[in-house]
Amino acid sequence: MGTQEHQIDLGHLLAFDPLHHFPSPPSSREELVKECLQKGTELVQSIADTLFNLPSTEDIDGPLVKLPPPTTRLPREKHLPKPKPPTKWELFAKAKGIKNRKKDKIVYDEQTGTWKRRHGYDRVNDDEDIPIIEAKMTDEAGEDPFAKRRAEKKKRVEKQGKNRLQNLKQAAKVGALPSHIQLAATALPITGTQTAPKKVSKNELEDVASMAATATASGGKFDKKLPGEKPEKHKGKYRKFLPVVEGTGIGSLEKQQTEKILNKLISKNSHEILNVDKAINMYNVKKEKKRKNRQGKDSSTSSKLKPKKQLQKKSLKKGTSKKGKSK
Amino acid sequence: MYFKLRLGLAVYTLHKSFQSFLLQTLPFGLKSKLIMLKIKTPKSGKAKREIEKRAPKLVESGKKTLILQGTKTSNVLNAVLTEIYHLKKDSAVRYTRKNENIRPFESGGETSLEFFSLKTDCSIFVFGSHSKKRPDNLVIGRTYDHHIYDLVEVGVENFKSMESFTYDKKLSPKVGSKPFIAFIGEGFESVDELKHLKEVLLDLLRGEVVENLNLAGLDHAYICTAVSSNRVFFTHCAMRLKKSGTIVPRMELVEVGPSMDLVVRRHRLPNDSVRKEAMKTAKEQPKKKVKNVSQDVIQGKVGKIYVPDQQVGSVALPYKAKGLKRERREAKMKHETNDRAPKKQKENSE
C-alpha cells in the first residue's frame with residue numbers, strides 16, 4: 001500500500017488506487033464506511049505529500065502552490081474555436097506587404113493650431129467642417145459640392161458595410177463567426193423564387209384587390225366593401241355606347257366623339273397645327289443627345305452658353321409628318 | 001387572364017397570376033438571388049460580455065451543472081438533488097419543475113435537455129426521476145456543443161443527508177473550494193461501466209481548473225469506493241490538517257456530507273467520432289506579451305516602471321495636527337486670559 005501504487009493526478013487533486021480489493025462481502029455498513037474512510041485518508045495523504053512538497057510562494061492568505069496541468073483528459077464542453085479567415089483587406093495587405101502603422105489618438109491640427117483627437121467629437125480633418133470648397137473646372141453649375149461630399153461619404157460607408165458583411169459571411173461559412181455577431185435574415189423570399197419581394201404600394205394593392213374581386217360569380221359588384229375601401233376604378237366597361245335618343249340631329253355627345261376622331265386623323269397630316277407638348281419633348285430629347293455627344297468630345301463651356309441653333313419650319317413640304325420646331 | 005377571372009374558375013390561376021403579376025409589374029430593388037442578411041450585435045456592454053462568456057474558448061474549465069427532475073420524484077431523490085446542488089452551489093443551476101418529456105435514454109426525449117443546456121450554458125446535467133422499475137434514479141450526463149455526449153444511469157441507495165452527520169461545525173467546508181477526489185477499488189479499472197462512472201464523477205466533482213492553489217483552503221474530499229462490480233460507495237468528508245513533524249500535515253477525514261450507494265444501471269458511451277472531436281486539445285497558446293520589458297544588447301533586460309504622481313502636500317495625515325487638537329486649543333485660550341508665565345529662554349553658554 002505504498003504511494004507508488006496510487007495513481008495521482010495533481011492537477012485534479014485526484015488519487016486512484018487500482019489495486020485495492022475488497023474482501024467480499026464486506027461485513028457491515030459501519031465496517032465498510034470505516035474501511036473506506038481509512039483508505040481514503042491514505043490516498044488523500046499521498047496526494048498531500050506530493051502537493052506540499054511543491055515549491056510554494058507566500059501569499060496573504062496562505063502558501064500558494066503552482067499546480068501542474070492535469071493528466072486525466074476529459075472531454076471538452078464546446079468545440080475548439082476556429083481561427084478567423086483573413087478578410088479581403090488582410091489578404092490584399094499581406095500580398096502587397098502593407099504593414100499596419102500605429103496611429104496616435106491625438107493629432108496636431110494645423111488650422112486651429114491645437115491638438116485634436118483623430119476620431120470622434122471635434123476631430124481633425126472633419127469632412128463636414130470645411131467652410132469653403134473652391135470650384136474646379138470640372139464642376140457643373142447648380143451642383144451642391146457639400147451635398148456631393150456627403151453623398152460620397154454615404155456611399156463609402158455603405159460600401160464598407162457591404163464589405164464587412166461579405167467578410168462575415170465568409171467567416172460564417174467556415175464556422176468562425178465572432179461570438180458576439182449573429183447574421184440574421186431580414187426578409188424571407190416568396191416560395192419558389194429566391195428574390196425578396198419589394199413592398200407593394202397601396203395603389204397597386206387596390207388595383208390588384210379590385211381585379212381579384214371580379215373573380216366572384218357576380219363579377220365583384222355586390223361584394224361588401226370594407227370601411228375605407230374605394231370603389232373600383234376600372235368598372236369593366238370598355239366600350240362606350242352613345243345614348244340612342246338625344247336631341248335633334250347629331251347630338252352633342254356624338255358631335256364630340258366625331259370631332260375627336262377627326263382631329264386625330266387630320267392633325268397627323270396637318271402642318272399648321274402644332275402640338276406644343278410633343279414639340280417640346282422632341283426638342284428636349286434631341287438637346288440631351290447632343291449634350292451627351294458634346295460632353296464626350298470637348299469639355300469646354302456648357303451648352304447653355306452656346307448660341308441656340310436656328311430652328312426651321314418645314315411647313316412647305318408635302319406629305320411629311322415632321323412637326324415644326326419652336327423655341 | 002381576364003376571361004378566366006370572369007368565369008370564376010380562376011382562384012388557382014389568379015393565385016399564380018397574382019404572383020406573376022407581382023413579379024412582373026412590381027420593380028425589384030435587388031436583382032440578386034440572395035436573402036438579405038443583417039448583422040446583429042449586442043447593444044450593451046453587459047450583453048456582449050455575457051455572450052463572450054458563453055463562447056467556445058481555447059482552454060476550458062469549470063463545467064456548469066444543471067440539476068432537474070422528471071415527472072415523479074421521491075423524498076430521497078429530492079434530498080439527493082438538493083444536496084448535490086448545495087455541493088456545487090456556485091456553478092450549478094437547479095430546476096424544480098417537473099419535466100415529463102425528458103427521457104434521456106430515448107431518442108426523442110433529449111431535445112428538452114439540449115435546449116436547457118443551451119439556455120443555461122450547462123454541460124453536465126443531473127436528472128432525477130423515480131419509478132417502480134427504477135426507484136431513485138439519477139441520470140448523470142454530459143453534453144458536447146449542447147448535444148448529448150454520454151449518459152450514466154445510477155440508482156441511489158442508503159442515502160444519508162448532510163444534516164444527519166454530526167461534527168464540529170468549524171470543520172465544515174466552504175463553498176467553491178477545490179476538493180480532493182479519491183477512487184478506491186479495482187472495479188474502476190476493470191468494469192466498463194465503473195470506468196465510465198469514474199470519468200463522469202470526476203467531471204462532476206472537480207471544480208475550476210486552477211493553476212495556483214492556496215494550500216490553506218483545502219478542506220474537503222470526495223471518496224468513491226467500488227464495493228462490487230456495480231456498486232460504488234460515495235461519501236463526502238471534511239479534512240482536518242494536523243501538525244506533523246514535516247511540512248506535510250497529517251490528514252484526518254471527518255464525514256460531513258451526503259453519503260450514498262450508487263448502483264450503476266445503464267450507461268451510454270459517446271460516439272467515436274464525437275469522442276475524438278471532444279478530446280481534442282488546443283495547441284500551445286501563444287505567449288502573452290510582457291509589457292514594459294525590453295531586451296538590450298548592452299544593458300540586458302531593461303524594465304520600465306511608471307511611478308504615479310505623488311501629492312506630497314495634499315494627502316490627509318492619519319493623525320491630527322498638534323496645534324489643532326481641541327484640548328490644546330482650549331488650554332491655550334484659557335492661558336490667554338491669564339497672563340502666561342514668560343517663556344524660559346535658553347541660556348547661552350558663556
# chains A, B, ... in the order shown; residues from 1 in each chain; ligands from 1
call {"tool": "residues_around", "arguments": {"residues": "Arg149 in chain A", "least_positions_apart": "5", "cutoff": "9 Å", "atoms": "only C-alpha atoms", "output": "number ranges by chain"}}
result
A: 127-128, 144, 154
call {"tool": "write_last_selection", "arguments": {"atoms": "C-alpha atoms", "output": "PDB file, in the first residue's frame"}}
result
ATOM      1  CA  ASP A 127     -15.324  66.263 -43.754  1.00  0.00           C
ATOM      2  CA  GLU A 128     -18.228  68.453 -42.764  1.00  0.00           C
ATOM      3  CA  ASP A 144     -24.020  71.413 -54.434  1.00  0.00           C
ATOM      4  CA  LYS A 154     -22.520  57.844 -47.505  1.00  0.00           C
TER       5      LYS A 154
END
call {"tool": "closest_atom_pairs", "arguments": {"of": "range 19-85 of chain A", "to": "range 102-124 of chain B", "cutoff": "10 Å", "atoms": "only C-alpha atoms", "output": "Markdown table"}}
result
| residue | atom | partner | partner_atom | distance |
| --- | --- | --- | --- | --- |
| A:Arg76 | CA | B:Ser123 | CA | 9.1 |
| A:Glu77 | CA | B:Ser123 | CA | 5.9 |
| A:Lys78 | CA | B:Ser123 | CA | 8.5 |
call {"tool": "closest_atom_pairs", "arguments": {"of": "chain A", "to": "chain B", "cutoff": "7 Å", "atoms": "only C-alpha atoms", "output": "CSV"}}
result
residue,atom,partner,partner_atom,distance
A:His12,CA,B:Arg206,CA,6.8
A:Leu13,CA,B:Phe180,CA,5.1
A:Leu14,CA,B:Ile181,CA,4.7
A:Ala15,CA,B:Ala182,CA,4.8
A:Phe16,CA,B:Phe183,CA,4.7
A:Asp17,CA,B:Ile184,CA,5.0
A:Pro18,CA,B:Glu186,CA,4.5
A:Leu19,CA,B:Glu186,CA,5.4
A:His20,CA,B:Gly185,CA,4.8
A:His21,CA,B:Gly185,CA,6.0
A:Phe22,CA,B:Val227,CA,6.7
A:Cys36,CA,B:Thr225,CA,6.6
A:Gly40,CA,B:Ile223,CA,6.0
A:Thr41,CA,B:Leu253,CA,6.3
A:Leu43,CA,B:Ala182,CA,6.5
A:Val44,CA,B:Phe180,CA,6.9
A:Gln45,CA,B:Met251,CA,5.9
A:Ala48,CA,B:Val248,CA,6.8
A:Asp49,CA,B:Val248,CA,5.8
A:Phe52,CA,B:Val248,CA,5.7
A:Gly62,CA,B:Ala216,CA,5.5
A:Pro63,CA,B:Leu215,CA,5.7
A:Leu64,CA,B:Asn214,CA,4.5
A:Val65,CA,B:Leu213,CA,5.1
A:Lys66,CA,B:Asn212,CA,4.5
A:Leu67,CA,B:Glu211,CA,5.2
A:Leu74,CA,B:Met279,CA,6.8
A:Pro75,CA,B:Met279,CA,4.8
A:Arg76,CA,B:Ala278,CA,5.2
A:Glu77,CA,B:Tyr144,CA,4.8
A:Lys78,CA,B:Asp145,CA,4.6
A:His79,CA,B:Asp145,CA,6.3
A:Leu80,CA,B:Leu58,CA,6.1
A:Pro81,CA,B:Pro56,CA,5.7
A:Ser179,CA,B:Ala55,CA,5.8
A:His180,CA,B:Thr41,CA,6.0
A:Ile181,CA,B:Thr41,CA,5.0
A:Gln182,CA,B:Lys40,CA,5.0
A:Leu183,CA,B:Ile39,CA,4.9
A:Ala184,CA,B:Lys38,CA,5.2
A:Ala185,CA,B:Leu37,CA,4.5
A:Thr186,CA,B:Met36,CA,5.6
A:Ala187,CA,B:Met36,CA,6.1
A:Leu188,CA,B:Ile35,CA,6.8
A:Pro189,CA,B:Ile35,CA,7.0
A:Gln194,CA,B:Lys33,CA,5.2
A:Thr195,CA,B:Lys33,CA,5.1
A:Ala196,CA,B:Ile35,CA,6.7
A:Pro197,CA,B:Phe28,CA,6.8
A:Lys198,CA,B:Phe28,CA,5.6
A:Thr214,CA,B:Arg6,CA,6.3
A:Ala215,CA,B:Gly8,CA,4.8
A:Thr216,CA,B:Gly8,CA,5.6
A:Ala217,CA,B:Gly8,CA,5.9
A:Gly219,CA,B:Arg6,CA,6.4
call {"tool": "closest_residue", "arguments": {"among": "B:Leu204, B:Leu317, B:Val256, B:Leu194", "to": "Ala92 in chain B", "atoms": "only C-alpha atoms"}}
result
B:Leu204
call {"tool": "select_by_dssp", "arguments": {"residues": "range 87-263 of chain B", "states": "strand (DSSP E or B)", "output": "JSON, numbers by chain"}}
result
{"B": [92, 93, 94, 95, 96, 97, 98, 124, 125, 126, 127, 128, 129, 137, 138, 139, 140, 141, 142, 143, 144, 147, 148, 149, 150, 151, 152, 153, 154, 155, 156, 157, 158, 159, 160, 180, 181, 182, 183, 184, 212, 213, 214, 220, 221, 222, 223, 224, 225, 226, 231, 232, 233, 234, 235, 236, 237, 238, 239, 240, 241, 242, 250, 251, 252, 253, 254, 255, 256, 257, 258, 259, 260, 261, 262, 263]}
call {"tool": "residues_around", "arguments": {"residues": "Pro173 in chain B", "least_positions_apart": "4", "cutoff": "7 Å", "atoms": "only C-alpha atoms", "output": "list in words"}}
result
Asp219, His220 and Ala238 of chain B
call {"tool": "write_last_selection", "arguments": {"atoms": "all heavy atoms", "output": "short mmCIF file (atom, residue, chain, number, x, y, z; two decimals), in the first residue's frame"}}
result
data_model
loop_
_atom_site.label_atom_id
_atom_site.label_comp_id
_atom_site.auth_asym_id
_atom_site.auth_seq_id
_atom_site.Cartn_x
_atom_site.Cartn_y
_atom_site.Cartn_z
N ASP B 219 -10.16 21.94 2.13
CA ASP B 219 -10.88 21.46 3.30
C ASP B 219 -11.84 20.31 3.05
O ASP B 219 -12.46 19.85 3.99
CB ASP B 219 -11.65 22.60 3.98
CG ASP B 219 -12.39 23.45 2.99
OD1 ASP B 219 -12.40 23.09 1.80
OD2 ASP B 219 -12.95 24.48 3.40
N HIS B 220 -11.96 19.83 1.83
CA HIS B 220 -12.85 18.68 1.73
C HIS B 220 -12.40 17.70 0.66
O HIS B 220 -11.59 18.02 -0.20
CB HIS B 220 -14.31 19.09 1.54
CG HIS B 220 -14.56 19.83 0.25
ND1 HIS B 220 -15.70 19.64 -0.47
CD2 HIS B 220 -13.86 20.76 -0.40
CE1 HIS B 220 -15.67 20.41 -1.54
NE2 HIS B 220 -14.56 21.11 -1.50
N ALA B 238 -14.96 16.23 5.30
CA ALA B 238 -14.16 17.42 5.53
C ALA B 238 -12.78 16.97 5.98
O ALA B 238 -12.61 15.89 6.53
CB ALA B 238 -14.80 18.29 6.60
#
call {"tool": "atom_distance", "arguments": {"atom1": "CA of Asp207 in chain A", "atom2": "CA of Lys230 in chain A"}}
result
10.4 Å
call {"tool": "closest_residue", "arguments": {"among": "B:Glu83, B:Asp261, B:Asp192, B:Asp150", "to": "Met162 in chain B", "atoms": "only C-alpha atoms"}}
result
B:Glu83
call {"tool": "closest_residue", "arguments": {"among": "B:Gln311, B:Ser164, B:Asn101, B:Gln299", "to": "Pro258 in chain B", "atoms": "only C-alpha atoms"}}
result
B:Ser164
call {"tool": "residues_around", "arguments": {"residues": "Asp126 in chain A", "least_positions_apart": "2", "cutoff": "12 Å", "atoms": "only C-alpha atoms", "output": "ChimeraX atom specification"}}
result
/A:109,111,116-124,128-131,149-150,153
call {"tool": "write_last_selection", "arguments": {"atoms": "C-alpha atoms", "output": "tab-separated table (two decimals), in the first residue's frame"}}
result
chain	number	residue	atom	x	y	z
A	109	ASP	CA	-4.37	70.33	-36.26
A	111	GLN	CA	-5.69	75.02	-38.95
A	116	LYS	CA	-7.36	67.42	-31.57
A	117	ARG	CA	-8.45	63.82	-31.48
A	118	ARG	CA	-8.35	61.73	-34.58
A	119	HIS	CA	-11.86	60.23	-34.32
A	120	GLY	CA	-14.96	61.46	-32.57
A	121	TYR	CA	-16.32	64.79	-31.46
A	122	ASP	CA	-14.41	67.83	-32.79
A	123	ARG	CA	-12.00	65.76	-34.81
A	124	VAL	CA	-9.14	66.69	-37.07
A	128	GLU	CA	-18.23	68.45	-42.76
A	129	ASP	CA	-16.19	71.24	-41.21
A	130	ILE	CA	-14.83	72.66	-44.44
A	131	PRO	CA	-16.37	76.13	-44.85
A	149	ARG	CA	-19.35	65.20	-50.44
A	150	ARG	CA	-21.99	63.94	-48.07
A	153	LYS	CA	-19.23	59.66	-47.80
call {"tool": "residues_around", "arguments": {"residues": "range 73-79 of chain B", "least_positions_apart": "2", "cutoff": "12 Å", "atoms": "only C-alpha atoms", "output": "short mmCIF file (atom, residue, chain, number, x, y, z; two decimals) with C-alpha atoms, in the first residue's frame"}}
result
data_model
loop_
_atom_site.label_atom_id
_atom_site.label_comp_id
_atom_site.auth_asym_id
_atom_site.auth_seq_id
_atom_site.Cartn_x
_atom_site.Cartn_y
_atom_site.Cartn_z
CA ILE B 67 -29.97 19.72 -11.83
CA LEU B 68 -33.52 18.84 -12.71
CA GLN B 69 -36.12 16.19 -12.24
CA GLY B 70 -38.71 14.18 -14.12
CA THR B 71 -42.36 13.54 -13.50
CA LEU B 81 -30.71 16.62 -5.75
CA THR B 82 -30.73 19.48 -3.28
CA GLU B 83 -27.57 18.24 -1.64
CA ILE B 84 -25.77 17.96 -4.94
CA TYR B 85 -26.91 21.48 -5.66
CA HIS B 86 -25.50 22.68 -2.35
CA ARG B 94 -31.44 23.93 -10.18
CA TYR B 95 -34.74 23.49 -11.92
CA THR B 96 -37.53 22.50 -9.61
CA ARG B 97 -40.38 21.88 -12.04
CA LYS B 98 -41.41 18.50 -13.28
CA ASN B 99 -40.34 17.77 -16.83
CA GLU B 100 -42.36 14.97 -18.29
CA VAL B 126 -28.12 15.51 -13.25
CA PHE B 127 -31.62 14.30 -13.95
CA GLY B 128 -33.53 12.63 -11.17
CA SER B 129 -36.62 10.50 -11.56
CA HIS B 130 -38.45 7.84 -9.62
CA SER B 131 -40.46 4.94 -10.96
CA LYS B 132 -41.35 1.49 -9.85
CA ARG B 134 -36.10 2.30 -11.41
CA PRO B 135 -36.51 3.73 -7.96
CA ASP B 136 -34.42 6.78 -7.01
CA ASN B 137 -32.87 7.10 -10.40
CA LEU B 138 -30.19 9.60 -11.26
CA VAL B 139 -29.02 10.12 -14.79
CA VAL B 154 -27.33 5.32 -11.39
CA GLY B 155 -29.64 4.30 -8.60
CA VAL B 156 -29.29 5.83 -5.16
CA GLU B 157 -29.43 3.61 -2.10
CA ASN B 158 -28.66 4.05 1.58
CA PHE B 159 -28.70 7.79 1.32
CA LYS B 160 -27.62 9.79 4.36
CA SER B 161 -28.08 13.52 4.09
CA MET B 162 -25.77 16.22 5.33
CA GLU B 163 -27.93 17.02 8.32
CA SER B 164 -27.65 13.53 9.71
CA PRO B 258 -24.08 13.19 1.87
CA SER B 259 -23.15 9.56 1.61
CA MET B 260 -24.90 7.16 -0.69
#
call {"tool": "atom_distance", "arguments": {"atom1": "CA of Leu177 in chain A", "atom2": "CA of Arg73 in chain A"}}
result
27.8 Å
call {"tool": "residues_around", "arguments": {"residues": "Trp89 in chain A", "least_positions_apart": "2", "cutoff": "12 Å", "atoms": "only C-alpha atoms", "output": "list in words"}}
result
Pro85, Pro86, Thr87, Leu91, Phe92, Ala93, Lys94, Ala95, Lys96, Gly97, Ile98, Lys99, Asn100, Gln160, Asn163, Arg164, Gln166 and Asn167 of chain A
call {"tool": "write_last_selection", "arguments": {"atoms": "C-alpha atoms", "output": "mmCIF file, in the first residue's frame"}}
result
data_model
loop_
_atom_site.group_PDB
_atom_site.id
_atom_site.type_symbol
_atom_site.label_atom_id
_atom_site.label_comp_id
_atom_site.auth_asym_id
_atom_site.auth_seq_id
_atom_site.Cartn_x
_atom_site.Cartn_y
_atom_site.Cartn_z
ATOM 1 C CA PRO A 85 -10.274 33.506 -42.029
ATOM 2 C CA PRO A 86 -8.375 36.601 -43.161
ATOM 3 C CA THR A 87 -10.542 39.370 -44.534
ATOM 4 C CA LEU A 91 -5.194 39.228 -47.840
ATOM 5 C CA PHE A 92 -4.518 42.252 -50.006
ATOM 6 C CA ALA A 93 -2.248 43.822 -47.404
ATOM 7 C CA LYS A 94 -0.323 40.601 -46.998
ATOM 8 C CA ALA A 95 0.125 40.275 -50.742
ATOM 9 C CA LYS A 96 1.286 43.848 -51.076
ATOM 10 C CA GLY A 97 3.339 43.854 -47.908
ATOM 11 C CA ILE A 98 1.377 46.683 -46.309
ATOM 12 C CA LYS A 99 2.042 46.851 -42.584
ATOM 13 C CA ASN A 100 -0.334 48.341 -40.094
ATOM 14 C CA GLN A 160 -17.659 49.438 -46.231
ATOM 15 C CA ASN A 163 -17.528 44.566 -47.456
ATOM 16 C CA ARG A 164 -17.911 43.872 -43.767
ATOM 17 C CA GLN A 166 -19.099 39.822 -47.082
ATOM 18 C CA ASN A 167 -16.208 39.173 -44.713
#
